[in-house]
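*Asks:* What follows is a structure written as structure tokens; I'll ask about it next.
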Amino acid sequence: MAKSRKNFFDKVGLNYALNNNLICLEYLNIAAMARYNGRMVQGAGRSMHRGMIEYKSALYGCHVSIISLWLPSTQKCSSCGNIAKKDISGRGRRCKCGLNTTRDVNAALNIRAL
Ligand SMILES: [Zn+2]
């Protein structure tokens with residue numbers, strides 16, 4: 001199981017490094033997510049995945065940028081900049097400016113702008 005997981009992350013990390021010039025990784029508050037969801041969120045796989053992405057990126061000249069845990073990527077509207085508190089259960093993001101997207105797409109747009 002451990003070898004197949006490592007092999008999987010090795011292949012994914014290689015694919016990311018070979019096909020991108022920049023990879024942005026966002027720190028997530030896993031402990032808070034686990035508390036909110038009331039279940040364990042696997043941490044070992046995430047750590048191994050991140051490590052493999054960083055390792056392969058260094059080998060193949062891909063830059064890795066680590067996004068701060070404190071960037072309000074999901075709470076900040078990627079269109080107008082308005083910050084609205086969102087709980088973690090909401091998947092959508094609708095803003096008073098008219099932007100209507102998913103939470104993850106909104107966060108990705110904020111990270112790209114950063
Ligand atoms: Zn907005």
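Each chain in the structure tokens gets a letter, A, B and so on, in the order shown; residues start at 1 in every chain, and ligands are counted from 1 in the order they appear.
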Given a cut-off of 10 Å, what residues near ligand 1 show up using only C-alpha atoms and all ligand atoms, put as an MDAnalysis selection string?
*Replies:* chainID A and resid 76:84 93:100
*Asks:* May I have the residues within 12 Å of Tyr16 in chain A as a PyMOL selection string, using only C-alpha atoms and disregarding those fewer than 2 positions away in the same chain?
*Replies:* chain A and resi 9-14+18-25+49-50+52-64
*Asks:* Could you save those same residues with N, CA and C atoms as a compact mmCIF listing (two decimals), in the first residue's frame?
*Replies:*
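Result saved to again_1.txt:
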```txt
# COMPACT_ATOMS: atom_id res chain seq x y z
N PHE A 9 2.12 9.09 -6.22
CA PHE A 9 2.53 10.49 -6.04
C PHE A 9 3.77 10.81 -6.87
N ASP A 10 4.64 9.84 -7.08
CA ASP A 10 5.81 10.03 -7.93
C ASP A 10 5.36 10.36 -9.37
N LYS A 11 4.42 9.60 -9.89
CA LYS A 11 3.94 9.82 -11.26
C LYS A 11 3.18 11.14 -11.38
N VAL A 12 2.35 11.43 -10.39
CA VAL A 12 1.59 12.68 -10.44
C VAL A 12 2.54 13.88 -10.34
N GLY A 13 3.50 13.80 -9.43
CA GLY A 13 4.47 14.89 -9.28
C GLY A 13 5.28 15.11 -10.55
N LEU A 14 5.68 14.01 -11.19
CA LEU A 14 6.42 14.11 -12.45
C LEU A 14 5.56 14.75 -13.53
N LEU A 18 6.54 18.28 -15.33
CA LEU A 18 6.85 18.30 -16.76
C LEU A 18 5.88 19.17 -17.56
N ASN A 19 4.69 19.37 -17.06
CA ASN A 19 3.66 20.07 -17.84
C ASN A 19 3.30 21.45 -17.33
N ASN A 20 4.07 21.95 -16.37
CA ASN A 20 3.77 23.28 -15.83
C ASN A 20 5.06 24.05 -15.58
N ASN A 21 4.96 25.37 -15.64
CA ASN A 21 6.09 26.22 -15.27
C ASN A 21 5.98 26.71 -13.83
N LEU A 22 4.75 26.75 -13.34
CA LEU A 22 4.49 27.24 -11.99
C LEU A 22 3.38 26.41 -11.36
N ILE A 23 3.63 25.96 -10.15
CA ILE A 23 2.62 25.24 -9.38
C ILE A 23 2.43 26.00 -8.08
N CYS A 24 1.18 26.34 -7.75
CA CYS A 24 0.87 27.01 -6.49
C CYS A 24 0.20 26.01 -5.56
N LEU A 25 0.77 25.88 -4.39
CA LEU A 25 0.21 24.99 -3.38
C LEU A 25 -0.29 25.84 -2.24
N HIS A 49 2.44 13.93 -1.06
CA HIS A 49 2.11 14.51 -2.36
C HIS A 49 2.84 15.83 -2.55
N ARG A 50 2.77 16.68 -1.54
CA ARG A 50 3.45 17.98 -1.62
C ARG A 50 4.96 17.79 -1.77
N MET A 52 6.58 15.30 -3.02
CA MET A 52 6.93 14.77 -4.34
C MET A 52 6.80 15.86 -5.41
N ILE A 53 5.80 16.72 -5.29
CA ILE A 53 5.65 17.83 -6.24
C ILE A 53 6.86 18.75 -6.14
N GLU A 54 7.27 19.07 -4.93
CA GLU A 54 8.42 19.96 -4.75
C GLU A 54 9.71 19.31 -5.27
N TYR A 55 9.87 18.02 -4.99
CA TYR A 55 11.06 17.30 -5.43
C TYR A 55 11.14 17.24 -6.96
N LYS A 56 10.06 16.83 -7.59
CA LYS A 56 10.06 16.71 -9.06
C LYS A 56 10.17 18.08 -9.72
N SER A 57 9.55 19.08 -9.14
CA SER A 57 9.63 20.43 -9.70
C SER A 57 11.06 20.95 -9.67
N ALA A 58 11.76 20.68 -8.58
CA ALA A 58 13.16 21.11 -8.48
C ALA A 58 14.00 20.41 -9.54
N LEU A 59 13.72 19.16 -9.81
CA LEU A 59 14.49 18.40 -10.81
C LEU A 59 14.26 18.92 -12.22
N TYR A 60 13.03 19.35 -12.53
CA TYR A 60 12.68 19.68 -13.90
C TYR A 60 12.43 21.17 -14.13
N GLY A 61 12.84 22.02 -13.20
CA GLY A 61 12.81 23.46 -13.42
C GLY A 61 11.45 24.11 -13.32
N CYS A 62 10.56 23.49 -12.61
CA CYS A 62 9.23 24.06 -12.40
C CYS A 62 9.25 24.81 -11.06
N HIS A 63 8.72 26.02 -11.04
CA HIS A 63 8.71 26.81 -9.80
C HIS A 63 7.50 26.42 -8.95
N VAL A 64 7.71 26.28 -7.66
CA VAL A 64 6.62 25.98 -6.73
C VAL A 64 6.45 27.17 -5.81
```
*Asks:* Which neighbours of range 105-109 of chain A fall inside 7 Å, counting only C-alpha atoms, when residues of the same chain fewer than 3 positions from it are skipped, and could you give them as a list in words?
*Replies:*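 Everything that qualifies: Ser73, Thr74, Cys77, Ser78, Thr101, Thr102, Arg112 and Ala113 of chain A.
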*Asks:* Just list the residues in chain A DSSP gives alpha helix (DSSP H) on the backbone, as a ChimeraX atom specification.
*Replies:* /A:2-19,30-37,44-60,103-113
*Asks:* Could you turn the residues from that selection into a file that holds N, CA and C atoms, as a short mmCIF file (atom, residue, chain, number, x, y, z; two decimals), in the first residue's frame?
*Replies:*
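Saved as again_1.cif:
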```
data_model
loop_
_atom_site.label_atom_id
_atom_site.label_comp_id
_atom_site.auth_asym_id
_atom_site.auth_seq_id
_atom_site.Cartn_x
_atom_site.Cartn_y
_atom_site.Cartn_z
N ALA A 2 1.89 1.29 0.87
CA ALA A 2 2.76 2.45 0.96
C ALA A 2 3.54 2.64 -0.33
N LYS A 3 4.00 1.53 -0.93
CA LYS A 3 4.75 1.64 -2.19
C LYS A 3 3.86 2.11 -3.33
N SER A 4 2.64 1.63 -3.37
CA SER A 4 1.75 2.05 -4.46
C SER A 4 1.37 3.52 -4.29
N ARG A 5 1.21 3.96 -3.05
CA ARG A 5 0.92 5.38 -2.82
C ARG A 5 2.10 6.24 -3.26
N LYS A 6 3.30 5.83 -2.87
CA LYS A 6 4.50 6.58 -3.26
C LYS A 6 4.66 6.60 -4.77
N ASN A 7 4.40 5.47 -5.41
CA ASN A 7 4.49 5.37 -6.86
C ASN A 7 3.47 6.31 -7.52
N PHE A 8 2.27 6.35 -6.98
CA PHE A 8 1.23 7.22 -7.52
C PHE A 8 1.67 8.69 -7.42
N PHE A 9 2.12 9.09 -6.22
CA PHE A 9 2.53 10.49 -6.04
C PHE A 9 3.77 10.81 -6.87
N ASP A 10 4.64 9.84 -7.08
CA ASP A 10 5.81 10.03 -7.93
C ASP A 10 5.36 10.36 -9.37
N LYS A 11 4.42 9.60 -9.89
CA LYS A 11 3.94 9.82 -11.26
C LYS A 11 3.18 11.14 -11.38
N VAL A 12 2.35 11.43 -10.39
CA VAL A 12 1.59 12.68 -10.44
C VAL A 12 2.54 13.88 -10.34
N GLY A 13 3.50 13.80 -9.43
CA GLY A 13 4.47 14.89 -9.28
C GLY A 13 5.28 15.11 -10.55
N LEU A 14 5.68 14.01 -11.19
CA LEU A 14 6.42 14.11 -12.45
C LEU A 14 5.56 14.75 -13.53
N ASN A 15 4.31 14.33 -13.61
CA ASN A 15 3.40 14.90 -14.61
C ASN A 15 3.22 16.40 -14.38
N TYR A 16 2.99 16.81 -13.16
CA TYR A 16 2.84 18.23 -12.85
C TYR A 16 4.11 19.00 -13.24
N ALA A 17 5.27 18.48 -12.85
CA ALA A 17 6.53 19.19 -13.08
C ALA A 17 6.85 19.32 -14.56
N LEU A 18 6.54 18.28 -15.33
CA LEU A 18 6.85 18.30 -16.76
C LEU A 18 5.88 19.17 -17.56
N ASN A 19 4.69 19.37 -17.06
CA ASN A 19 3.66 20.07 -17.84
C ASN A 19 3.30 21.45 -17.33
N ILE A 30 -5.84 21.76 8.04
CA ILE A 30 -6.41 20.41 8.05
C ILE A 30 -7.08 20.10 9.38
N ALA A 31 -6.48 20.56 10.48
CA ALA A 31 -7.07 20.28 11.80
C ALA A 31 -8.45 20.91 11.91
N ALA A 32 -8.59 22.15 11.43
CA ALA A 32 -9.90 22.81 11.48
C ALA A 32 -10.89 22.13 10.56
N MET A 33 -10.41 21.71 9.38
CA MET A 33 -11.29 21.00 8.45
C MET A 33 -11.78 19.70 9.07
N ALA A 34 -10.90 19.01 9.74
CA ALA A 34 -11.26 17.73 10.36
C ALA A 34 -12.27 17.96 11.49
N ARG A 35 -12.06 19.04 12.27
CA ARG A 35 -13.00 19.35 13.34
C ARG A 35 -14.37 19.68 12.77
N TYR A 36 -14.37 20.45 11.69
CA TYR A 36 -15.65 20.87 11.12
C TYR A 36 -16.39 19.69 10.53
N ASN A 37 -15.66 18.85 9.81
CA ASN A 37 -16.30 17.72 9.16
C ASN A 37 -16.57 16.57 10.12
N ALA A 44 -1.03 12.29 5.92
CA ALA A 44 0.21 11.68 5.44
C ALA A 44 0.29 11.71 3.92
N GLY A 45 -0.79 11.43 3.26
CA GLY A 45 -0.81 11.45 1.81
C GLY A 45 -0.59 12.85 1.27
N ARG A 46 -1.18 13.83 1.93
CA ARG A 46 -1.00 15.22 1.48
C ARG A 46 0.46 15.64 1.60
N SER A 47 1.06 15.28 2.71
CA SER A 47 2.46 15.64 2.93
C SER A 47 3.37 14.97 1.89
N MET A 48 3.13 13.70 1.63
CA MET A 48 3.92 12.98 0.64
C MET A 48 3.69 13.57 -0.76
N HIS A 49 2.44 13.93 -1.06
CA HIS A 49 2.11 14.51 -2.36
C HIS A 49 2.84 15.83 -2.55
N ARG A 50 2.77 16.68 -1.54
CA ARG A 50 3.45 17.98 -1.62
C ARG A 50 4.96 17.79 -1.77
N GLY A 51 5.52 16.89 -0.98
CA GLY A 51 6.96 16.64 -1.05
C GLY A 51 7.39 16.16 -2.43
N MET A 52 6.58 15.30 -3.02
CA MET A 52 6.93 14.77 -4.34
C MET A 52 6.80 15.86 -5.41
N ILE A 53 5.80 16.72 -5.29
CA ILE A 53 5.65 17.83 -6.24
C ILE A 53 6.86 18.75 -6.14
N GLU A 54 7.27 19.07 -4.93
CA GLU A 54 8.42 19.96 -4.75
C GLU A 54 9.71 19.31 -5.27
N TYR A 55 9.87 18.02 -4.99
CA TYR A 55 11.06 17.30 -5.43
C TYR A 55 11.14 17.24 -6.96
N LYS A 56 10.06 16.83 -7.59
CA LYS A 56 10.06 16.71 -9.06
C LYS A 56 10.17 18.08 -9.72
N SER A 57 9.55 19.08 -9.14
CA SER A 57 9.63 20.43 -9.70
C SER A 57 11.06 20.95 -9.67
N ALA A 58 11.76 20.68 -8.58
CA ALA A 58 13.16 21.11 -8.48
C ALA A 58 14.00 20.41 -9.54
N LEU A 59 13.72 19.16 -9.81
CA LEU A 59 14.49 18.40 -10.81
C LEU A 59 14.26 18.92 -12.22
N TYR A 60 13.03 19.35 -12.53
CA TYR A 60 12.68 19.68 -13.90
C TYR A 60 12.43 21.17 -14.13
N ARG A 103 -16.63 27.68 -5.00
CA ARG A 103 -15.64 28.13 -4.03
C ARG A 103 -14.22 27.85 -4.51
N ASP A 104 -14.00 26.67 -5.08
CA ASP A 104 -12.66 26.29 -5.50
C ASP A 104 -12.17 27.10 -6.71
N VAL A 105 -13.07 27.37 -7.64
CA VAL A 105 -12.68 28.18 -8.81
C VAL A 105 -12.36 29.61 -8.36
N ASN A 106 -13.18 30.14 -7.46
CA ASN A 106 -12.93 31.48 -6.92
C ASN A 106 -11.55 31.53 -6.25
N ALA A 107 -11.25 30.51 -5.44
CA ALA A 107 -9.95 30.47 -4.75
C ALA A 107 -8.81 30.38 -5.77
N ALA A 108 -8.99 29.57 -6.80
CA ALA A 108 -7.95 29.43 -7.82
C ALA A 108 -7.70 30.76 -8.54
N LEU A 109 -8.77 31.50 -8.81
CA LEU A 109 -8.61 32.80 -9.48
C LEU A 109 -7.88 33.79 -8.57
N ASN A 110 -8.17 33.76 -7.26
CA ASN A 110 -7.46 34.63 -6.31
C ASN A 110 -5.99 34.25 -6.24
N ILE A 111 -5.70 32.98 -6.23
CA ILE A 111 -4.30 32.53 -6.15
C ILE A 111 -3.55 32.90 -7.43
N ARG A 112 -4.18 32.74 -8.56
CA ARG A 112 -3.55 33.12 -9.83
C ARG A 112 -3.25 34.62 -9.86
N ALA A 113 -4.19 35.42 -9.35
CA ALA A 113 -3.99 36.88 -9.32
C ALA A 113 -2.84 37.25 -8.38
#
```
*Asks:* DSSP on the backbone, then: every residue of range 1-102 of chain A marked strand (DSSP E), written as a ChimeraX atom specification.
*Replies:* /A:22-26,63-67,92-94,100-102
*Asks:* With C-alpha atoms kept, could you save the residues just selected as a PDB file, in the first residue's frame?
*Replies:*
```pdb
ATOM      1  CA  LEU A  22       4.487  27.240 -11.990  1.00  0.00           C
ATOM      2  CA  ILE A  23       2.618  25.242  -9.384  1.00  0.00           C
ATOM      3  CA  CYS A  24       0.870  27.009  -6.492  1.00  0.00           C
ATOM      4  CA  LEU A  25       0.210  24.986  -3.383  1.00  0.00           C
ATOM      5  CA  GLU A  26      -2.095  26.356  -0.758  1.00  0.00           C
ATOM      6  CA  HIS A  63       8.712  26.806  -9.805  1.00  0.00           C
ATOM      7  CA  VAL A  64       6.617  25.981  -6.732  1.00  0.00           C
ATOM      8  CA  SER A  65       4.919  28.793  -4.851  1.00  0.00           C
ATOM      9  CA  ILE A  66       3.439  28.168  -1.424  1.00  0.00           C
ATOM     10  CA  ILE A  67       0.311  30.184  -0.701  1.00  0.00           C
ATOM     11  CA  GLY A  92     -20.763  27.837  -4.278  1.00  0.00           C
ATOM     12  CA  ARG A  93     -19.693  31.467  -4.159  1.00  0.00           C
ATOM     13  CA  ARG A  94     -22.200  34.148  -5.086  1.00  0.00           C
ATOM     14  CA  ASN A 100     -21.422  33.295  -9.323  1.00  0.00           C
ATOM     15  CA  THR A 101     -18.910  30.462  -9.263  1.00  0.00           C
ATOM     16  CA  THR A 102     -17.713  27.584  -7.132  1.00  0.00           C
TER      17      THR A 102
END
```
*Asks:* Report as an mmCIF file with N, CA and C atoms, in the first residue's frame all protein, DNA and RNA residues lying within 10 Å of Trp70 in chain A, evaluated on only C-alpha atoms, omitting residues in the same chain fewer than 6 positions from it.
*Replies:*
```cif
data_model
loop_
_atom_site.group_PDB
_atom_site.id
_atom_site.type_symbol
_atom_site.label_atom_id
_atom_site.label_comp_id
_atom_site.auth_asym_id
_atom_site.auth_seq_id
_atom_site.Cartn_x
_atom_site.Cartn_y
_atom_site.Cartn_z
ATOM 1 N N GLU A 26 -1.500 25.579 -1.829
ATOM 2 C CA GLU A 26 -2.095 26.356 -0.758
ATOM 3 C C GLU A 26 -2.097 25.539 0.528
ATOM 4 N N TYR A 27 -1.567 26.147 1.586
ATOM 5 C CA TYR A 27 -1.671 25.514 2.898
ATOM 6 C C TYR A 27 -3.139 25.481 3.287
ATOM 7 N N LEU A 28 -3.569 24.387 3.848
ATOM 8 C CA LEU A 28 -4.932 24.278 4.353
ATOM 9 C C LEU A 28 -4.871 23.936 5.824
ATOM 10 N N ASN A 29 -5.823 24.456 6.568
ATOM 11 C CA ASN A 29 -5.897 24.156 7.992
ATOM 12 C C ASN A 29 -6.618 22.821 8.155
#
```
